[in-house]
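Shown next, in C-alpha cells, is the structure this report addresses.
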Amino acid sequence: MGGGRSETSALSGAGEARGLTTTQNSQRPNACCFCWCCCCSCSWNEEERRKRRRRKRISQDTKMETKLETCPKPSVEEIQMWSQSFDKLMRNPAGRNVFREFLRTEYSEENMLFWLACEDLKQEINKSAIEEKARSIYEDYISILSPKEVSLDARVREVINKKMQDPTPHTFEDAQLQIYTLMHRDSYPRFLSSNIYRTLVQGGSRTSSES
C-alpha cells in the first residue's frame with residue numbers, strides 16, 4: 001500500500017513539472033523568428049545572402065557571359081579620369097570593361113550585365129524585339145530562379161511585373177537606376193582601391209614617363 005502512494009506522488013510531481021515547463025515555454029519569446037524578421041528587413045544582409053547563393057551556383061557552372069565590349073585600349077588620361085566620378089567610368093567602354101572585371105571578382109558581375117542589357121533595350125524600336133529582349137532580361141536578371149538575379153527591392157519588382165504586361169524600352173528604368181546606384185555606392189569605392197585599378201594606373205604612369 002505504501003509503495004502505491006509513493007508511485008502516485010511521483011507521477012503527480014512529474015505532471016506538475018511538465019505543466020510548469022510548458023507554461024514557461026509558452027511565455028518565452030520566439031527568438032529565432034524575431035531574428036529572421038530582422039535579417040529580412042536588412043538589405044545589406046539580403047545582398048550578402050544573395051552573393052553567397054551566387055558563389056555556390058557559379059561553382060556549378062552558371063555560364064556567365066564573358067564577352068567584353070569592343071573598344072580601344074584606354075589612354076593614361078582615361079584611366080585617371082575614372083577615379084574622378086562614377087559617371088565618367090560608366091560612360092567609358094574601356095572603363096566599363098575594367099570595372100566589370102572587378103565586379104566578377106566580387107561575384108556581382110550580373111549588375112553590369114543587367115545595366116548593359118537595359119541600355120541595349122533602350123535602343124530598340126521594333127515591337128516584337130522589345131518584347132523578346134524584355135522577357136530575356138526578366139528571366140536572366142529579375143527572376144528569383146536565375147543565378148544572375150540582381151538585388152532589387154519589392155517596390156521596384158512590383159513595378160516591373162506590371163510593366164511586363166506591355167513591355168517598352170523603359171520597362172526596367174527604375175531597376176536600372178537602383179542597380180546603378182548600388183554599384184556606385186557599394187562597388188565603386190572598392191574598385192578604386194583594388195589591385196586591378198591600381199595596376200592600371202601604375203602601368204599607365206610608367207608608360208607615360210618612359211615615352
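Chains: A, B, ... in order of the C-alpha cells. Residues: from 1 per chain. Ligands: from 1, in order shown.
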Requested in this report: Using only C-alpha atoms, determine which residues lie at most 7 Å from stretch 186-190 of chain A, disregarding the query and same-chain residues fewer than 4 positions distant; provide the list as a list of chain:residue names.
Outcome: A:Phe86, A:Leu182, A:Ser194
Same residues, C-alpha atoms, saved as an mmCIF file, in the first residue's frame:
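Okay, part.cif is ready:
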```cif
data_model
loop_
_atom_site.group_PDB
_atom_site.id
_atom_site.type_symbol
_atom_site.label_atom_id
_atom_site.label_comp_id
_atom_site.auth_asym_id
_atom_site.auth_seq_id
_atom_site.Cartn_x
_atom_site.Cartn_y
_atom_site.Cartn_z
ATOM 1 C CA PHE A 86 31.457 57.002 -61.328
ATOM 2 C CA LEU A 182 24.172 50.130 -55.827
ATOM 3 C CA SER A 194 41.624 47.471 -55.868
#
```
Query raised in the report: Could you name the residues that touch A:Asp120 at 12 Å or less, counting only C-alpha atoms, but leaving out those on the same chain fewer than 2 positions away, as a PyMOL selection string?
Result: chain A and resi 113-118+122-125+129-130+133-134+137+169-170+172+176
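With only C-alpha atoms as the atoms that count, the minimum distance from A:Met81 to the choices A:His184, A:Asn161, A:Glu139, A:Gly95 is reached by A:Gly95.
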Requested in this report: Could you give me, as number ranges by chain, the residues within 10 Å of A:Met90, counting only C-alpha atoms and dropping anything in the same chain fewer than 5 positions from it?
Outcome: A: 82, 85, 95-97, 99, 112, 180, 184
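Atom CA of A:Leu68 to atom CA of A:Arg100 spans 8.5 Å [interatomic distance, one decimal].
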Query raised in the report: Any idea what's packed within 12 Å of A:Lys73, counting only C-alpha atoms, ignoring anything in its chain fewer than 4 positions away? Could you give it as JSON, numbers by chain?
Result: {"A": [69, 77, 78, 79, 92, 93, 94, 95, 97, 98, 200, 204]}
Output N, CA, C and O atoms for every residue in that selection, as an mmCIF file, in the first residue's frame.
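Listing of selection-v1.cif after writing:
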```cif
data_model
loop_
_atom_site.group_PDB
_atom_site.id
_atom_site.type_symbol
_atom_site.label_atom_id
_atom_site.label_comp_id
_atom_site.auth_asym_id
_atom_site.auth_seq_id
_atom_site.Cartn_x
_atom_site.Cartn_y
_atom_site.Cartn_z
ATOM 1 N N GLU A 69 32.982 44.428 -74.007
ATOM 2 C CA GLU A 69 32.711 45.388 -75.070
ATOM 3 C C GLU A 69 33.973 45.617 -75.900
ATOM 4 O O GLU A 69 35.076 45.663 -75.373
ATOM 5 N N GLU A 77 45.172 59.208 -69.556
ATOM 6 C CA GLU A 77 44.207 60.220 -69.125
ATOM 7 C C GLU A 77 42.851 59.596 -68.818
ATOM 8 O O GLU A 77 42.187 59.960 -67.835
ATOM 9 N N GLU A 78 42.434 58.665 -69.668
ATOM 10 C CA GLU A 78 41.146 57.996 -69.444
ATOM 11 C C GLU A 78 41.166 57.197 -68.142
ATOM 12 O O GLU A 78 40.212 57.259 -67.358
ATOM 13 N N ILE A 79 42.228 56.443 -67.928
ATOM 14 C CA ILE A 79 42.335 55.621 -66.718
ATOM 15 C C ILE A 79 42.269 56.493 -65.464
ATOM 16 O O ILE A 79 41.581 56.154 -64.489
ATOM 17 N N ASN A 92 32.563 55.376 -70.211
ATOM 18 C CA ASN A 92 33.713 54.944 -70.989
ATOM 19 C C ASN A 92 33.686 53.430 -71.194
ATOM 20 O O ASN A 92 33.716 52.675 -70.216
ATOM 21 N N PRO A 93 33.628 52.949 -72.449
ATOM 22 C CA PRO A 93 33.555 51.494 -72.692
ATOM 23 C C PRO A 93 34.702 50.720 -72.058
ATOM 24 O O PRO A 93 34.486 49.650 -71.469
ATOM 25 N N ALA A 94 35.918 51.243 -72.168
ATOM 26 C CA ALA A 94 37.063 50.553 -71.560
ATOM 27 C C ALA A 94 36.933 50.551 -70.043
ATOM 28 O O ALA A 94 37.269 49.564 -69.377
ATOM 29 N N GLY A 95 36.420 51.657 -69.508
ATOM 30 C CA GLY A 95 36.205 51.728 -68.063
ATOM 31 C C GLY A 95 35.184 50.711 -67.601
ATOM 32 O O GLY A 95 35.357 50.071 -66.551
ATOM 33 N N ASN A 97 34.546 47.872 -69.032
ATOM 34 C CA ASN A 97 35.173 46.552 -69.112
ATOM 35 C C ASN A 97 36.031 46.250 -67.885
ATOM 36 O O ASN A 97 35.964 45.160 -67.310
ATOM 37 N N VAL A 98 36.837 47.225 -67.486
ATOM 38 C CA VAL A 98 37.713 47.021 -66.329
ATOM 39 C C VAL A 98 36.883 46.888 -65.059
ATOM 40 O O VAL A 98 37.153 46.025 -64.208
ATOM 41 N N LEU A 200 46.606 49.268 -63.261
ATOM 42 C CA LEU A 200 46.409 50.023 -64.493
ATOM 43 C C LEU A 200 46.999 51.425 -64.387
ATOM 44 O O LEU A 200 47.666 51.908 -65.294
ATOM 45 N N GLY A 204 50.118 52.694 -66.525
ATOM 46 C CA GLY A 204 49.953 53.834 -67.415
ATOM 47 C C GLY A 204 50.939 54.949 -67.089
ATOM 48 O O GLY A 204 51.480 55.598 -67.988
#
```
Query raised in the report: So how far away is atom CA of A:Ala175 from atom CA of A:Arg135, in Å?
Result: 14.6 Å
